file start.json (JSON, C-alpha atoms)
[["chain", "number", "residue", "atom", "x", "y", "z"],
["I", 1, "MET", "CA", 36.53, 85.33, 18.64],
["I", 2, "SER", "CA", 34.67, 86.42, 15.56],
["I", 3, "THR", "CA", 33.43, 84.21, 12.74],
["I", 4, "GLY", "CA", 35.98, 85.99, 10.55],
["I", 5, "SER", "CA", 38.83, 84.69, 12.71],
["I", 6, "VAL", "CA", 37.52, 81.13, 12.42],
["I", 7, "GLU", "CA", 37.29, 81.50, 8.64],
["I", 8, "LYS", "CA", 40.82, 82.98, 8.46],
["I", 9, "PHE", "CA", 42.13, 80.13, 10.65],
["I", 10, "GLN", "CA", 40.47, 77.56, 8.38],
["I", 11, "GLN", "CA", 41.91, 79.26, 5.28],
["I", 12, "SER", "CA", 45.39, 79.19, 6.82],
["I", 13, "LEU", "CA", 44.97, 75.51, 7.74],
["I", 14, "SER", "CA", 43.83, 74.70, 4.22],
["I", 15, "ARG", "CA", 46.99, 76.28, 2.75],
["I", 16, "LEU", "CA", 48.95, 73.84, 4.96],
["I", 17, "ASP", "CA", 47.00, 70.80, 3.71],
["I", 18, "THR", "CA", 45.47, 70.57, 7.18],
["I", 19, "ALA", "CA", 41.80, 69.69, 7.38],
["I", 20, "SER", "CA", 39.50, 71.46, 9.82],
["I", 21, "THR", "CA", 35.94, 71.21, 11.04],
["I", 22, "ALA", "CA", 33.99, 73.82, 13.01],
["I", 23, "VAL", "CA", 31.45, 72.29, 15.40],
["I", 24, "ALA", "CA", 29.07, 73.18, 18.19],
["I", 25, "PRO", "CA", 30.16, 71.96, 21.65],
["I", 26, "ASP", "CA", 27.58, 69.16, 21.64],
["I", 27, "GLU", "CA", 28.99, 67.83, 18.35],
["I", 28, "LEU", "CA", 32.54, 67.41, 19.62],
["I", 29, "VAL", "CA", 32.47, 63.76, 20.71],
["I", 30, "SER", "CA", 30.72, 62.54, 17.56],
["I", 31, "THR", "CA", 33.15, 64.53, 15.40],
["I", 32, "VAL", "CA", 36.14, 63.04, 17.22],
["I", 33, "ALA", "CA", 34.61, 59.57, 16.72],
["I", 34, "ASP", "CA", 34.31, 60.24, 12.99],
["I", 35, "LEU", "CA", 37.92, 61.43, 12.70],
["I", 36, "VAL", "CA", 39.92, 58.93, 14.75],
["I", 37, "GLU", "CA", 41.50, 55.89, 13.23],
["I", 38, "PRO", "CA", 41.97, 53.26, 15.95],
["I", 39, "PRO", "CA", 43.81, 52.62, 18.02],
["I", 40, "ALA", "CA", 43.49, 56.14, 19.37],
["I", 41, "VAL", "CA", 44.87, 57.84, 22.46],
["I", 42, "GLY", "CA", 43.99, 61.19, 23.97],
["I", 43, "ALA", "CA", 44.76, 63.75, 26.62],
["I", 44, "GLU", "CA", 41.79, 65.11, 28.54],
["I", 45, "LEU", "CA", 40.96, 68.54, 27.16],
["I", 46, "PRO", "CA", 42.14, 71.64, 29.05],
["I", 47, "PHE", "CA", 38.71, 73.29, 28.83],
["I", 48, "ASP", "CA", 35.80, 73.42, 31.27],
["I", 49, "GLY", "CA", 32.71, 71.81, 29.80],
["I", 50, "LEU", "CA", 34.43, 69.85, 27.03],
["I", 51, "SER", "CA", 35.68, 66.31, 27.51],
["I", 52, "LEU", "CA", 36.97, 63.28, 25.64],
["I", 53, "ALA", "CA", 35.62, 60.88, 28.30],
["I", 54, "ASP", "CA", 32.92, 59.58, 25.93],
["I", 55, "ALA", "CA", 35.12, 59.62, 22.80],
["I", 56, "PRO", "CA", 36.67, 56.44, 21.37],
["I", 57, "VAL", "CA", 40.14, 57.22, 22.70],
["I", 58, "THR", "CA", 42.26, 55.82, 25.51],
["I", 59, "LEU", "CA", 42.91, 58.62, 28.00],
["I", 60, "ASP", "CA", 46.12, 58.58, 30.04],
["I", 61, "PRO", "CA", 47.69, 55.95, 27.77],
["I", 62, "SER", "CA", 50.58, 53.72, 28.75],
["I", 63, "PRO", "CA", 53.80, 53.99, 26.73],
["I", 64, "SER", "CA", 52.87, 50.81, 24.83],
["I", 65, "ARG", "CA", 49.40, 52.17, 23.93],
["I", 66, "LEU", "CA", 51.00, 55.41, 22.80],
["I", 67, "SER", "CA", 53.48, 53.60, 20.56],
["I", 68, "GLU", "CA", 50.65, 51.51, 19.01],
["I", 69, "ALA", "CA", 48.33, 54.49, 18.44],
["I", 70, "VAL", "CA", 47.46, 55.63, 14.95],
["I", 71, "THR", "CA", 45.58, 58.72, 16.18],
["I", 72, "GLY", "CA", 46.30, 61.14, 19.03],
["I", 73, "VAL", "CA", 43.67, 63.61, 20.23],
["I", 74, "SER", "CA", 44.58, 66.65, 22.32],
["I", 75, "GLY", "CA", 43.41, 70.18, 23.01],
["I", 76, "SER", "CA", 45.04, 73.51, 22.35],
["I", 77, "ARG", "CA", 44.33, 76.66, 24.34],
["I", 78, "MET", "CA", 45.65, 78.88, 21.56],
["I", 79, "GLY", "CA", 45.53, 78.96, 17.78],
["I", 80, "ILE", "CA", 46.99, 81.60, 15.48],
["I", 81, "ALA", "CA", 44.45, 82.43, 12.75],
["I", 82, "SER", "CA", 46.88, 84.03, 10.29],
["I", 83, "LEU", "CA", 49.28, 81.06, 10.39],
["I", 84, "GLY", "CA", 47.13, 77.99, 11.05],
["I", 85, "THR", "CA", 49.26, 77.28, 14.11],
["I", 86, "VAL", "CA", 48.22, 75.63, 17.39],
["I", 87, "ALA", "CA", 49.99, 75.67, 20.74],
["I", 88, "VAL", "CA", 50.55, 72.19, 22.20],
["I", 89, "GLU", "CA", 51.15, 72.54, 25.91],
["I", 90, "SER", "CA", 53.35, 70.24, 27.95],
["I", 91, "ARG", "CA", 50.98, 69.00, 30.65],
["I", 92, "ALA", "CA", 50.93, 65.98, 32.94],
["I", 93, "GLU", "CA", 48.14, 64.59, 30.72],
["I", 94, "GLY", "CA", 50.77, 63.97, 28.00],
["I", 95, "ASP", "CA", 49.63, 66.38, 25.29],
["I", 96, "GLU", "CA", 53.07, 66.63, 23.66],
["I", 97, "PHE", "CA", 53.51, 62.88, 23.32],
["I", 98, "ILE", "CA", 49.94, 62.39, 22.12],
["I", 99, "ALA", "CA", 50.34, 65.16, 19.54],
["I", 100, "LEU", "CA", 53.73, 64.03, 18.23],
["I", 101, "TYR", "CA", 53.96, 60.22, 18.34],
["I", 102, "PRO", "CA", 50.89, 58.95, 16.40],
["I", 103, "GLU", "CA", 50.79, 59.44, 12.64],
["I", 104, "ARG", "CA", 47.49, 61.37, 12.88],
["I", 105, "HIS", "CA", 46.82, 64.26, 15.29],
["I", 106, "VAL", "CA", 43.33, 65.55, 15.94],
["I", 107, "VAL", "CA", 43.57, 68.81, 17.85],
["I", 108, "VAL", "CA", 40.65, 70.60, 19.49],
["I", 109, "VAL", "CA", 40.71, 74.39, 19.85],
["I", 110, "ARG", "CA", 37.91, 76.68, 20.94],
["I", 111, "ALA", "CA", 37.00, 79.57, 18.63],
["I", 112, "SER", "CA", 37.43, 81.95, 21.57],
["I", 113, "ASP", "CA", 41.05, 80.78, 21.89],
["I", 114, "LEU", "CA", 42.06, 81.93, 18.40],
["I", 115, "ARG", "CA", 44.51, 84.81, 18.22],
["I", 116, "THR", "CA", 44.65, 87.01, 15.15],
["I", 117, "ASP", "CA", 48.39, 86.92, 14.47],
["I", 118, "LEU", "CA", 51.80, 86.16, 15.93],
["I", 119, "SER", "CA", 51.96, 89.43, 17.86],
["I", 120, "ASP", "CA", 48.66, 88.63, 19.58],
["I", 121, "ALA", "CA", 49.91, 85.08, 20.26],
["I", 122, "PHE", "CA", 53.10, 86.38, 21.88],
["I", 123, "GLY", "CA", 50.98, 88.46, 24.25],
["I", 124, "TRP", "CA", 49.05, 85.30, 25.19],
["I", 125, "LEU", "CA", 52.30, 83.36, 25.67],
["I", 126, "ARG", "CA", 53.73, 86.14, 27.85],
["I", 127, "ALA", "CA", 50.72, 85.88, 30.16],
["I", 128, "GLU", "CA", 51.07, 82.07, 30.26],
["I", 129, "PHE", "CA", 54.76, 82.34, 31.13],
["I", 130, "GLU", "CA", 53.93, 84.76, 33.93],
["I", 131, "GLU", "CA", 51.55, 82.08, 35.29],
["I", 132, "ASP", "CA", 54.49, 79.60, 35.21],
["I", 133, "ARG", "CA", 53.11, 77.63, 32.25],
["I", 134, "GLN", "CA", 56.26, 77.73, 30.19],
["I", 135, "SER", "CA", 56.40, 74.74, 27.86],
["I", 136, "PHE", "CA", 54.58, 74.92, 24.53],
["I", 137, "ILE", "CA", 55.19, 73.63, 21.03],
["I", 138, "LEU", "CA", 53.87, 75.85, 18.26],
["I", 139, "ALA", "CA", 52.75, 73.34, 15.62],
["I", 140, "THR", "CA", 51.90, 74.40, 12.08],
["I", 141, "GLY", "CA", 50.51, 71.64, 9.88],
["I", 142, "PRO", "CA", 51.69, 68.08, 9.43],
["I", 143, "SER", "CA", 55.31, 67.07, 9.85],
["I", 144, "SER", "CA", 57.46, 67.77, 6.83],
["I", 145, "THR", "CA", 60.37, 65.57, 7.92],
["I", 146, "GLY", "CA", 58.86, 62.56, 6.15],
["I", 147, "ASP", "CA", 60.50, 63.63, 2.90],
["I", 148, "MET", "CA", 63.93, 63.08, 4.45],
["I", 149, "GLY", "CA", 63.57, 59.30, 4.02],
["I", 150, "ALA", "CA", 65.22, 56.57, 6.04],
["I", 151, "LEU", "CA", 67.76, 58.89, 7.67],
["I", 152, "VAL", "CA", 65.07, 60.40, 9.90],
["I", 153, "GLN", "CA", 64.67, 58.55, 13.19],
["I", 154, "GLY", "CA", 62.71, 59.32, 16.35],
["I", 155, "VAL", "CA", 59.68, 61.51, 16.84],
["I", 156, "HIS", "CA", 59.08, 64.18, 14.24],
["I", 157, "GLY", "CA", 55.37, 64.85, 14.43],
["I", 158, "PRO", "CA", 52.25, 63.58, 12.72],
["I", 159, "GLU", "CA", 51.88, 62.97, 9.00],
["I", 160, "GLU", "CA", 48.27, 64.18, 9.13],
["I", 161, "VAL", "CA", 46.57, 66.85, 11.25],
["I", 162, "HIS", "CA", 42.87, 67.65, 11.60],
["I", 163, "VAL", "CA", 41.80, 70.66, 13.67],
["I", 164, "ILE", "CA", 38.38, 70.72, 15.32],
["I", 165, "ILE", "CA", 37.29, 74.27, 16.10],
["I", 166, "VAL", "CA", 34.62, 74.34, 18.79],
["I", 167, "ARG", "CA", 32.32, 77.30, 18.22],
["I", 168, "ASP", "CA", 31.49, 79.44, 21.22],
["I", 169, "ASN", "CA", 28.04, 79.12, 22.75],
["I", 170, "GLU", "CA", 25.96, 81.96, 21.45]]
call {"tool": "encode", "arguments": {"input": "start.json", "output": "structure tokens"}}
result
Amino acid sequence: MSTGSVEKFQQSLSRLDTASTAVAPDELVSTVADLVEPPAVGAELPFDGLSLADAPVTLDPSPSRLSEAVTGVSGSRMGIASLGTVAVESRAEGDEFIALYPERHVVVVRASDLRTDLSDAFGWLRAEFEEDRQSFILATGPSSTGDMGALVQGVHGPEEVHVIIVRDNE
């Protein structure tokens, strides 16, 4: 994906009060370490060559670790540049829970996985559905249910989101 798409994605994220950082692949683990507030949990990333194994997160967390976590770290195989949206996939690694339960979500997306707009994203989703990967949450910014007060109960998403965009090797 072009540098312009990364810039557009970051502009869209900024409009949503969502922070973002673009990094080289070898900067990923140190960037995650800088962004997590412990205790932190994570789902192993769905990308070849990128891993959270050396990051300060508990991978494959138990339900009690998940409920205690302040930060959740997961990957996204698709971002929508024009909207600042990421796709959180339902995988056995627990991405959905890790993205939604903790108050802070750090999400990793590769620059090559950014789609220009919703139409382009629907084409990507169609191909995923045809491969029998059919459960995704399209998340755009932090949760806005916090302004509902004490009446809101259960899981409603993170209060804070930070997107790490991993630049493609050039």
call {"tool": "closest_residue", "arguments": {"input": "start.json", "among": "I:Gly42, I:Gly123, I:Gly157, I:Gly84", "to": "Leu100 of chain I", "atoms": "all atoms listed in the file"}}
result
I:Gly157
call {"tool": "atom_distance", "arguments": {"input": "start.json", "atom1": "atom CA of Ser62 of chain I", "atom2": "atom CA of Glu159 of chain I"}}
result
21.8 Å
call {"tool": "atom_distance", "arguments": {"input": "start.json", "atom1": "atom CA of Thr18 of chain I", "atom2": "atom CA of His162 of chain I"}}
result
5.9 Å
call {"tool": "atom_distance", "arguments": {"input": "start.json", "atom1": "atom CA of Val107 of chain I", "atom2": "atom CA of Glu37 of chain I"}}
result
13.9 Å
call {"tool": "residues_around", "arguments": {"input": "start.json", "residues": "Ser74 of chain I", "least_positions_apart": "2", "cutoff": "10 Å", "atoms": "only C-alpha atoms", "output": "list in words"}}
result
Val41, Gly42, Ala43, Glu44, Leu45, Pro46, Leu52, Leu59, Gly72, Ser76, Val88, Glu89, Glu93, Gly94, Asp95, Glu96, Phe97, Ile98, Ala99, His105, Val106, Val107, Val108, Val109 and Val163 of chain I
call {"tool": "closest_residue", "arguments": {"input": "start.json", "among": "I:Gln134, I:Ala127, I:Ala81, I:Ala40", "to": "Gly4 of chain I", "atoms": "only C-alpha atoms"}}
result
I:Ala81
call {"tool": "closest_residue", "arguments": {"input": "start.json", "among": "I:Arg77, I:Arg110, I:Arg91, I:Arg65", "to": "Ser135 of chain I", "atoms": "all atoms listed in the file"}}
result
I:Arg91
call {"tool": "residues_near_point", "arguments": {"input": "start.json", "point": "(43.7, 87.7, 22.8)", "cutoff": "12 Å", "atoms": "only C-alpha atoms", "output": "PyMOL selection string"}}
result
chain I and resi 1-2+5+77-81+111-128
call {"tool": "closest_residue", "arguments": {"input": "start.json", "among": "I:Val70, I:Val29, I:Val36, I:Ile165", "to": "Leu50 of chain I", "atoms": "all atoms listed in the file"}}
result
I:Val29
call {"tool": "axis_aligned_box", "arguments": {"input": "start.json", "around": "segment 119-127 of chain I", "padding_each_side": "4 Å", "output": "JSON"}}
result
{"center_x": 51.2, "center_y": 86.4, "center_z": 24.0, "size_x": 13.1, "size_y": 14.1, "size_z": 20.3}
call {"tool": "closest_residue", "arguments": {"input": "start.json", "among": "I:Glu131, I:Phe136, I:Pro56, I:Gly141", "to": "Val161 of chain I", "atoms": "all atoms listed in the file"}}
result
I:Gly141
